$ cat start.cif   # mmCIF, C-alpha atoms
data_final
loop_
_atom_site.label_atom_id
_atom_site.label_comp_id
_atom_site.auth_asym_id
_atom_site.auth_seq_id
_atom_site.Cartn_x
_atom_site.Cartn_y
_atom_site.Cartn_z
CA MET B 1 25.62 0.16 18.67
CA THR B 2 22.82 2.31 20.08
CA ALA B 3 22.05 1.00 23.55
CA GLN B 4 18.38 0.63 24.37
CA ALA B 5 19.14 2.45 27.63
CA ASN B 6 19.39 5.60 25.45
CA TYR B 7 15.83 5.01 24.18
CA THR B 8 13.44 6.60 26.64
CA SER B 9 9.67 6.78 26.95
CA SER B 10 9.98 10.42 25.95
CA ASP B 11 11.75 9.38 22.72
CA PHE B 12 9.00 6.88 21.96
CA HIS B 13 6.25 9.43 22.47
CA ARG B 14 8.09 11.98 20.32
CA ILE B 15 8.40 9.40 17.55
CA ARG B 16 4.70 8.55 17.84
CA HIS B 17 3.76 12.25 17.64
CA MET B 18 6.09 12.98 14.71
CA TYR B 19 4.96 9.92 12.78
CA ARG B 20 1.31 10.73 13.31
CA SER B 21 1.86 14.37 12.29
CA SER B 22 3.61 13.21 9.14
CA THR B 23 1.40 10.29 8.11
CA GLY B 24 -1.83 10.41 10.12
CA ILE B 25 -1.02 6.91 11.44
CA THR B 26 -1.12 6.26 15.17
CA LEU B 27 1.46 3.83 16.55
CA GLY B 28 0.03 1.83 19.44
CA HIS B 29 1.61 1.89 22.90
CA HIS B 30 2.45 -1.79 22.41
CA THR B 31 4.86 -0.91 19.56
CA LYS B 32 7.56 0.61 21.79
CA ASP B 33 10.04 -2.25 21.30
CA LEU B 34 9.19 -2.56 17.59
CA VAL B 35 9.85 1.17 17.13
CA TYR B 36 13.22 0.79 18.87
CA ASN B 37 14.22 -2.11 16.63
CA ARG B 38 13.32 -0.23 13.47
CA MET B 39 14.60 3.22 14.43
CA SER B 40 17.91 2.22 16.02
CA GLN B 41 19.36 1.59 12.55
CA ARG B 42 18.41 5.12 11.48
CA VAL B 43 19.99 6.57 14.62
CA GLN B 44 23.22 4.67 13.96
CA GLY B 45 23.14 5.42 10.25
CA THR B 46 23.08 9.19 10.85
CA SER B 47 25.83 9.04 13.52
CA ALA B 48 23.53 10.54 16.13
CA GLN B 49 24.64 9.92 19.70
CA ASN B 50 21.16 8.88 20.85
CA PHE B 51 17.50 8.93 19.88
CA SER B 52 16.94 12.40 21.28
CA GLN B 53 19.70 13.90 19.16
CA TYR B 54 18.43 12.09 16.07
CA LEU B 55 14.91 13.45 16.60
CA ASP B 56 16.22 16.97 17.21
CA ARG B 57 18.07 16.78 13.89
CA LEU B 58 15.02 15.34 12.15
CA VAL B 59 12.98 18.42 13.03
CA VAL B 60 15.30 20.63 10.98
CA ASP B 61 16.61 18.08 8.49
CA SER B 62 15.81 17.75 4.80
CA LYS B 63 12.89 15.73 3.52
CA ASN B 64 15.28 12.90 2.60
CA GLU B 65 15.62 11.81 6.21
CA TRP B 66 11.89 12.24 6.75
CA GLY B 67 11.36 9.72 3.98
CA ALA B 68 13.77 7.31 5.66
CA PHE B 69 12.05 7.92 9.01
CA THR B 70 8.57 7.06 7.69
CA SER B 71 9.90 4.12 5.67
CA ALA B 72 11.62 2.65 8.74
CA LEU B 73 8.36 2.71 10.67
CA GLY B 74 6.20 1.54 7.78
CA SER B 75 4.98 -2.02 7.35
CA SER B 76 4.94 -2.79 3.65
CA PRO B 77 5.49 -6.52 3.24
CA CYS B 78 5.99 -8.18 -0.11
CA CYS B 79 2.46 -9.44 -0.41
CA PHE B 80 1.75 -11.03 -3.75
CA PHE B 81 -1.88 -12.16 -3.95
CA ARG B 82 -2.71 -11.43 -0.33
CA ASP B 83 -6.28 -12.75 0.04
CA ALA B 84 -6.79 -14.86 -3.09
CA ALA B 85 -10.57 -14.35 -2.98
CA HIS B 86 -10.13 -10.65 -3.74
CA PHE B 87 -8.13 -11.34 -6.87
CA ALA B 88 -10.67 -13.90 -8.00
CA MET B 89 -13.36 -11.21 -7.62
CA LEU B 90 -11.22 -8.65 -9.45
CA LYS B 91 -10.67 -11.09 -12.32
CA GLU B 92 -14.39 -11.80 -12.64
CA TYR B 93 -15.21 -8.09 -12.46
CA LEU B 94 -12.74 -7.20 -15.22
CA GLN B 95 -13.99 -10.04 -17.42
CA VAL B 96 -17.52 -8.66 -17.15
CA LEU B 97 -16.34 -5.06 -17.58
CA ARG B 98 -14.25 -5.94 -20.69
CA THR B 99 -12.58 -2.53 -20.71
CA PRO B 100 -8.95 -2.59 -21.88
CA GLY B 101 -8.59 0.96 -20.58
CA ALA B 102 -9.71 0.29 -17.02
CA LEU B 103 -8.10 2.36 -14.26
CA LEU B 104 -7.10 0.63 -11.01
CA TRP B 105 -5.50 1.93 -7.83
CA SER B 106 -3.50 0.15 -5.12
CA CYS B 107 -3.52 2.62 -2.20
CA ALA B 108 -0.94 0.94 0.04
CA ALA B 109 0.84 -1.08 -2.59
CA GLY B 110 3.84 -2.32 -0.65
CA THR B 111 6.07 -4.24 -3.02
CA GLY B 112 3.73 -6.79 -4.58
CA GLU B 113 0.05 -5.80 -4.61
CA ALA B 114 0.04 -3.67 -7.77
CA TYR B 115 1.78 -6.39 -9.78
CA SER B 116 -0.73 -8.91 -8.43
CA MET B 117 -3.48 -6.66 -9.81
CA ALA B 118 -1.65 -6.28 -13.13
CA MET B 119 -1.17 -10.02 -13.56
CA THR B 120 -4.83 -10.63 -12.71
CA ALA B 121 -5.95 -7.99 -15.22
CA HIS B 122 -3.69 -9.33 -17.97
CA ASP B 123 -5.03 -12.83 -17.41
CA ALA B 124 -8.66 -11.68 -17.21
CA LEU B 125 -8.48 -9.74 -20.48
CA GLY B 126 -6.37 -12.23 -22.40
CA GLY B 127 -3.48 -9.78 -22.62
CA ASP B 128 -5.60 -6.95 -24.09
CA VAL B 129 -4.36 -4.36 -21.61
CA ARG B 130 -2.84 -1.85 -24.03
CA SER B 131 -4.44 1.17 -22.34
CA MET B 132 -5.01 -0.13 -18.81
CA LYS B 133 -3.38 1.86 -16.03
CA ILE B 134 -2.66 0.80 -12.46
CA LEU B 135 -1.57 3.41 -9.95
CA ALA B 136 0.51 2.10 -7.04
CA THR B 137 0.93 4.44 -4.08
CA ASP B 138 2.52 4.05 -0.67
CA ILE B 139 3.98 6.22 2.04
CA ASP B 140 6.94 3.83 2.27
CA LEU B 141 9.47 5.08 -0.27
CA SER B 142 11.71 2.04 0.09
CA ALA B 143 8.80 -0.28 -0.76
CA LEU B 144 8.04 1.75 -3.88
CA ALA B 145 11.69 1.57 -4.94
CA VAL B 146 11.68 -2.23 -4.62
CA ALA B 147 8.43 -2.48 -6.56
CA GLU B 148 9.67 -0.25 -9.38
CA ASP B 149 12.67 -2.54 -9.86
CA GLY B 150 10.34 -5.54 -9.82
CA VAL B 151 13.07 -7.93 -8.60
CA TYR B 152 12.27 -10.47 -5.88
CA PRO B 153 14.09 -13.35 -4.21
CA ALA B 154 12.38 -16.71 -4.57
CA ASP B 155 11.16 -16.81 -0.96
CA ARG B 156 9.04 -13.69 -1.56
CA LEU B 157 7.04 -15.42 -4.27
CA ARG B 158 5.58 -18.31 -2.32
CA HIS B 159 1.99 -17.02 -2.62
CA LEU B 160 2.29 -16.30 -6.33
CA PRO B 161 0.28 -18.82 -8.39
CA GLN B 162 2.66 -21.07 -10.29
CA GLN B 163 1.10 -20.30 -13.67
CA TYR B 164 1.62 -16.58 -13.07
CA LYS B 165 5.20 -17.13 -11.94
CA GLU B 166 5.95 -19.00 -15.16
CA LYS B 167 4.18 -16.46 -17.37
CA TYR B 168 4.98 -13.12 -15.77
CA LEU B 169 8.43 -13.50 -14.18
CA VAL B 170 11.86 -14.31 -15.55
CA ARG B 171 14.72 -15.95 -13.67
CA LEU B 172 17.72 -13.65 -13.31
CA ALA B 173 21.24 -14.90 -13.92
CA CYS B 174 22.67 -14.31 -10.48
CA ARG B 175 24.09 -16.46 -7.71
CA GLU B 176 20.96 -16.44 -5.54
CA GLU B 177 17.61 -17.40 -6.99
CA ALA B 178 15.80 -14.20 -7.96
CA TYR B 179 13.12 -13.22 -10.45
CA GLN B 180 12.00 -10.04 -12.20
CA VAL B 181 8.50 -9.09 -13.34
CA VAL B 182 8.35 -9.03 -17.14
CA PRO B 183 8.35 -5.60 -18.86
CA GLU B 184 4.78 -5.95 -20.17
CA ILE B 185 3.45 -6.17 -16.61
CA ARG B 186 5.79 -3.49 -15.24
CA ARG B 187 4.61 -1.05 -17.91
CA MET B 188 1.04 -1.35 -16.63
CA VAL B 189 1.97 0.14 -13.24
CA SER B 190 2.92 3.69 -12.24
CA PHE B 191 4.37 4.37 -8.80
CA LEU B 192 3.78 7.48 -6.69
CA PRO B 193 4.48 8.37 -3.04
CA CYS B 194 1.23 9.19 -1.28
CA ASN B 195 0.11 10.02 2.25
CA LEU B 196 -3.52 8.96 2.41
CA ALA B 197 -4.11 11.20 5.44
CA ALA B 198 -3.01 14.35 3.60
CA GLN B 199 -5.54 17.12 3.19
CA GLU B 200 -5.51 16.74 -0.57
CA LEU B 201 -4.65 13.74 -2.71
CA VAL B 202 -2.90 14.79 -5.89
CA LEU B 203 -4.50 12.02 -7.93
CA LYS B 204 -6.58 12.31 -11.07
CA GLY B 205 -9.24 10.17 -12.68
CA LYS B 206 -12.08 7.89 -11.70
CA TYR B 207 -11.17 4.34 -10.82
CA ASP B 208 -12.85 1.07 -11.73
CA ALA B 209 -11.40 -0.64 -8.64
CA ILE B 210 -9.47 0.49 -5.58
CA PHE B 211 -7.50 -1.79 -3.27
CA CYS B 212 -7.31 -0.06 0.11
CA LYS B 213 -6.34 -2.99 2.33
CA GLU B 214 -4.87 -2.99 5.84
CA VAL B 215 -5.10 0.78 5.78
CA PHE B 216 -8.15 1.98 7.68
CA ASP B 217 -7.24 0.35 10.98
CA HIS B 218 -4.11 2.54 11.16
CA PHE B 219 -6.22 5.70 11.40
CA ASP B 220 -8.59 7.20 13.95
CA PRO B 221 -12.37 7.10 13.24
CA ALA B 222 -12.53 10.66 11.86
CA THR B 223 -9.70 9.98 9.40
CA GLN B 224 -11.31 6.68 8.43
CA GLN B 225 -14.59 8.41 7.59
CA GLY B 226 -12.81 11.05 5.55
CA LEU B 227 -10.88 8.38 3.66
CA VAL B 228 -14.05 6.44 2.84
CA GLY B 229 -15.53 9.66 1.44
CA ARG B 230 -12.48 10.15 -0.74
CA MET B 231 -12.63 6.59 -2.01
CA ALA B 232 -16.30 7.03 -2.86
CA GLY B 233 -15.52 10.22 -4.75
CA MET B 234 -12.76 8.54 -6.77
CA LEU B 235 -14.68 5.42 -7.84
CA LYS B 236 -16.75 5.09 -10.97
CA PRO B 237 -20.40 4.10 -10.42
CA GLY B 238 -20.37 0.36 -9.77
CA GLY B 239 -16.62 0.45 -9.07
CA LEU B 240 -15.21 -1.87 -6.42
CA LEU B 241 -13.49 -0.99 -3.14
CA PHE B 242 -11.44 -3.82 -1.62
CA MET B 243 -10.70 -3.62 2.12
CA GLY B 244 -8.58 -5.72 4.46
CA GLU B 245 -9.89 -8.66 6.42
CA THR B 246 -9.28 -7.04 9.83
CA GLU B 247 -10.77 -3.67 8.94
CA PRO B 248 -14.15 -2.42 10.14
CA GLY B 249 -16.02 -2.55 6.83
CA LEU B 250 -18.70 -0.15 5.59
CA GLY B 251 -21.82 -1.50 7.24
CA GLY B 252 -24.55 1.13 7.12
CA ASP B 253 -22.80 3.36 4.58
CA GLN B 254 -25.54 4.05 2.05
CA ARG B 255 -23.08 4.87 -0.71
CA PHE B 256 -21.90 1.26 -0.99
CA GLU B 257 -23.32 -2.18 -1.58
CA HIS B 258 -21.57 -5.07 0.16
CA ARG B 259 -20.42 -7.67 -2.35
CA GLY B 260 -18.91 -10.07 0.21
CA GLU B 261 -15.32 -10.77 1.32
CA LYS B 262 -14.85 -7.13 2.46
CA VAL B 263 -15.54 -5.90 -1.07
CA PHE B 264 -17.96 -3.03 -1.70
CA SER B 265 -19.33 -1.46 -4.89
CA LEU B 266 -20.30 2.20 -5.25
CA LYS B 267 -24.01 2.50 -5.93
CA PRO B 268 -24.68 4.21 -9.28
CA HIS B 269 -26.89 6.94 -7.76
CA PHE B 270 -24.06 8.07 -5.46
CA LEU B 271 -22.00 9.74 -8.16
CA GLY B 272 -18.94 11.46 -6.77
CA GLY B 273 -19.57 9.91 -3.36
CA ALA B 274 -22.61 12.09 -2.61
CA PRO B 275 -26.34 11.41 -3.06
CA GLN B 276 -27.72 12.54 -6.36
CA GLY B 277 -31.30 13.75 -6.62
#
$ encode --input "start.cif" --output "structure tokens"
Amino acid sequence: MTAQANYTSSDFHRIRHMYRSSTGITLGHHTKDLVYNRMSQRVQGTSAQNFSQYLDRLVVDSKNEWGAFTSALGSSPCCFFRDAAHFAMLKEYLQVLRTPGALLWSCAAGTGEAYSMAMTAHDALGGDVRSMKILATDIDLSALAVAEDGVYPADRLRHLPQQYKEKYLVRLACREEAYQVVPEIRRMVSFLPCNLAAQELVLKGKYDAIFCKEVFDHFDPATQQGLVGRMAGMLKPGGLLFMGETEPGLGGDQRFEHRGEKVFSLKPHFLGGAPQG
């Protein structure tokens, strides 16, 4: 067992610096104990004698351990239908749009958000989703792995509407109660690791709707502004940007119109995120 006595303030500040350099996310000073709880398992799992030795190894180690490092510090809960009002707005938007080939993006998908979007889209379009694509990205590789499998214990589904649970999940024949998302819904979603603070996002296409929730408040103001610009450049005119309840919003940003509930639409005359003459 790694004793907390071997976890120093210097270790914590090194972890904060390395995590920020890797992800762009700043860990608050109040997270010192949380960081210890999450990272101690990595230290033990690599047989390092202490945090300092683990971090020294991490500097020269392969990208595999970097992925485990960022995943350990990530916070990607299984959030099916987090903020029901947003999914009601997405459903209404897709019903008006009536585009089977719509393109949607879940920026910080965790393990449940992209499937929540897929179920909503399937319901909104009466199953006519033959060419719809949903991109699910996250910096947390372990969350993406869980989502790709699409298997969840019953206690992770408590916010899933009952009619969706009955229609879009199947009970698995195993000792503990567990369910898997049906293939038709899983096929709608593609998963890709993504660092939203990277200089370039290797993503293609223009999106009809982007869920970028509980993301902005992890970044400093300059990174937030850059990210908003990227989102604007990747939305179709009239496309929707969904943000988290605790995030600052886009008040005063002339590229967007506020639609309520921390949802914003790109104004048609701001094609590509920049004013058009």
$ residues_around --input "start.cif" --residues "B:His30" --least-positions-apart "5" --cutoff "12 Å" --atoms "only C-alpha atoms" --output "PyMOL selection string"
chain B and resi 12-13+16+35-36
$ residues_around --input "start.cif" --residues "stretch 44-55 of chain B" --least-positions-apart "2" --cutoff "7 Å" --atoms "only C-alpha atoms" --output "VMD selection string"
chain B and resid 1 to 2 6 to 7 11 40 to 42 57 to 59
$ residues_near_point --input "start.cif" --point "(-3.2, -0.2, -3.0)" --cutoff "12 Å" --atoms "all atoms listed in the file" --output "ChimeraX atom specification"
/B:76,79-80,82,104-118,134-139,144,189-196,209-216,231,241-244
$ write_last_selection --input "start.cif" --atoms "C-alpha atoms" --output "compact mmCIF listing (two decimals), keeping the file's coordinate frame"
# COMPACT_ATOMS: atom_id res chain seq x y z
CA SER B 76 4.94 -2.79 3.65
CA CYS B 79 2.46 -9.44 -0.41
CA PHE B 80 1.75 -11.03 -3.75
CA ARG B 82 -2.71 -11.43 -0.33
CA LEU B 104 -7.10 0.63 -11.01
CA TRP B 105 -5.50 1.93 -7.83
CA SER B 106 -3.50 0.15 -5.12
CA CYS B 107 -3.52 2.62 -2.20
CA ALA B 108 -0.94 0.94 0.04
CA ALA B 109 0.84 -1.08 -2.59
CA GLY B 110 3.84 -2.32 -0.65
CA THR B 111 6.07 -4.24 -3.02
CA GLY B 112 3.73 -6.79 -4.58
CA GLU B 113 0.05 -5.80 -4.61
CA ALA B 114 0.04 -3.67 -7.77
CA TYR B 115 1.78 -6.39 -9.78
CA SER B 116 -0.73 -8.91 -8.43
CA MET B 117 -3.48 -6.66 -9.81
CA ALA B 118 -1.65 -6.28 -13.13
CA ILE B 134 -2.66 0.80 -12.46
CA LEU B 135 -1.57 3.41 -9.95
CA ALA B 136 0.51 2.10 -7.04
CA THR B 137 0.93 4.44 -4.08
CA ASP B 138 2.52 4.05 -0.67
CA ILE B 139 3.98 6.22 2.04
CA LEU B 144 8.04 1.75 -3.88
CA VAL B 189 1.97 0.14 -13.24
CA SER B 190 2.92 3.69 -12.24
CA PHE B 191 4.37 4.37 -8.80
CA LEU B 192 3.78 7.48 -6.69
CA PRO B 193 4.48 8.37 -3.04
CA CYS B 194 1.23 9.19 -1.28
CA ASN B 195 0.11 10.02 2.25
CA LEU B 196 -3.52 8.96 2.41
CA ALA B 209 -11.40 -0.64 -8.64
CA ILE B 210 -9.47 0.49 -5.58
CA PHE B 211 -7.50 -1.79 -3.27
CA CYS B 212 -7.31 -0.06 0.11
CA LYS B 213 -6.34 -2.99 2.33
CA GLU B 214 -4.87 -2.99 5.84
CA VAL B 215 -5.10 0.78 5.78
CA PHE B 216 -8.15 1.98 7.68
CA MET B 231 -12.63 6.59 -2.01
CA LEU B 241 -13.49 -0.99 -3.14
CA PHE B 242 -11.44 -3.82 -1.62
CA MET B 243 -10.70 -3.62 2.12
CA GLY B 244 -8.58 -5.72 4.46
$ atom_distance --input "start.cif" --atom1 "atom CA of B:Glu65" --atom2 "atom CA of B:Asp220"
25.8 Å
$ closest_residue --input "start.cif" --among "B:Ser142, B:Thr26, B:Gln163, B:Ser9" --to "B:Pro221" --atoms "only C-alpha atoms"
B:Thr26
$ atom_distance --input "start.cif" --atom1 "atom CA of B:Met119" --atom2 "atom CA of B:Glu245"
21.8 Å
$ residues_near_point --input "start.cif" --point "(10.3, 5.1, 10.1)" --cutoff "9 Å" --atoms "all atoms listed in the file" --output "list in words"
Ile15, Tyr19, Val35, Arg38, Met39, Arg42, Trp66, Gly67, Ala68, Phe69, Thr70, Ser71, Ala72, Leu73, Gly74 and Asp140 of chain B
$ axis_aligned_box --input "start.cif" --around "stretch 173-186 of chain B" --padding-each-side "5 Å" --output "lines of an AutoDock Vina configuration file"
center_x = 13.8
center_y = -10.4
center_z = -12.9
size_x = 30.6
size_y = 23.9
size_z = 24.6
$ closest_residue --input "start.cif" --among "B:Gln162, B:Arg130, B:Ala197, B:Phe87" --to "B:Thr23" --atoms "all atoms listed in the file"
B:Ala197
$ resolve_selection --input "start.cif" --expression "the PyMOL selection byres ((chain B and resi 127) around 12)" --output "mmCIF file with C-alpha atoms, in the coordinates of the input"
data_model
loop_
_atom_site.group_PDB
_atom_site.id
_atom_site.type_symbol
_atom_site.label_atom_id
_atom_site.label_comp_id
_atom_site.auth_asym_id
_atom_site.auth_seq_id
_atom_site.Cartn_x
_atom_site.Cartn_y
_atom_site.Cartn_z
ATOM 1 C CA GLN B 95 -13.990 -10.040 -17.420
ATOM 2 C CA ARG B 98 -14.250 -5.940 -20.690
ATOM 3 C CA THR B 99 -12.580 -2.530 -20.710
ATOM 4 C CA PRO B 100 -8.950 -2.590 -21.880
ATOM 5 C CA ALA B 118 -1.650 -6.280 -13.130
ATOM 6 C CA MET B 119 -1.170 -10.020 -13.560
ATOM 7 C CA THR B 120 -4.830 -10.630 -12.710
ATOM 8 C CA ALA B 121 -5.950 -7.990 -15.220
ATOM 9 C CA HIS B 122 -3.690 -9.330 -17.970
ATOM 10 C CA ASP B 123 -5.030 -12.830 -17.410
ATOM 11 C CA ALA B 124 -8.660 -11.680 -17.210
ATOM 12 C CA LEU B 125 -8.480 -9.740 -20.480
ATOM 13 C CA GLY B 126 -6.370 -12.230 -22.400
ATOM 14 C CA ASP B 128 -5.600 -6.950 -24.090
ATOM 15 C CA VAL B 129 -4.360 -4.360 -21.610
ATOM 16 C CA ARG B 130 -2.840 -1.850 -24.030
ATOM 17 C CA SER B 131 -4.440 1.170 -22.340
ATOM 18 C CA MET B 132 -5.010 -0.130 -18.810
ATOM 19 C CA LYS B 167 4.180 -16.460 -17.370
ATOM 20 C CA TYR B 168 4.980 -13.120 -15.770
ATOM 21 C CA GLU B 184 4.780 -5.950 -20.170
ATOM 22 C CA ILE B 185 3.450 -6.170 -16.610
ATOM 23 C CA MET B 188 1.040 -1.350 -16.630
#
$ atom_distance --input "start.cif" --atom1 "atom CA of B:Phe81" --atom2 "atom CA of B:Leu97"
21.1 Å
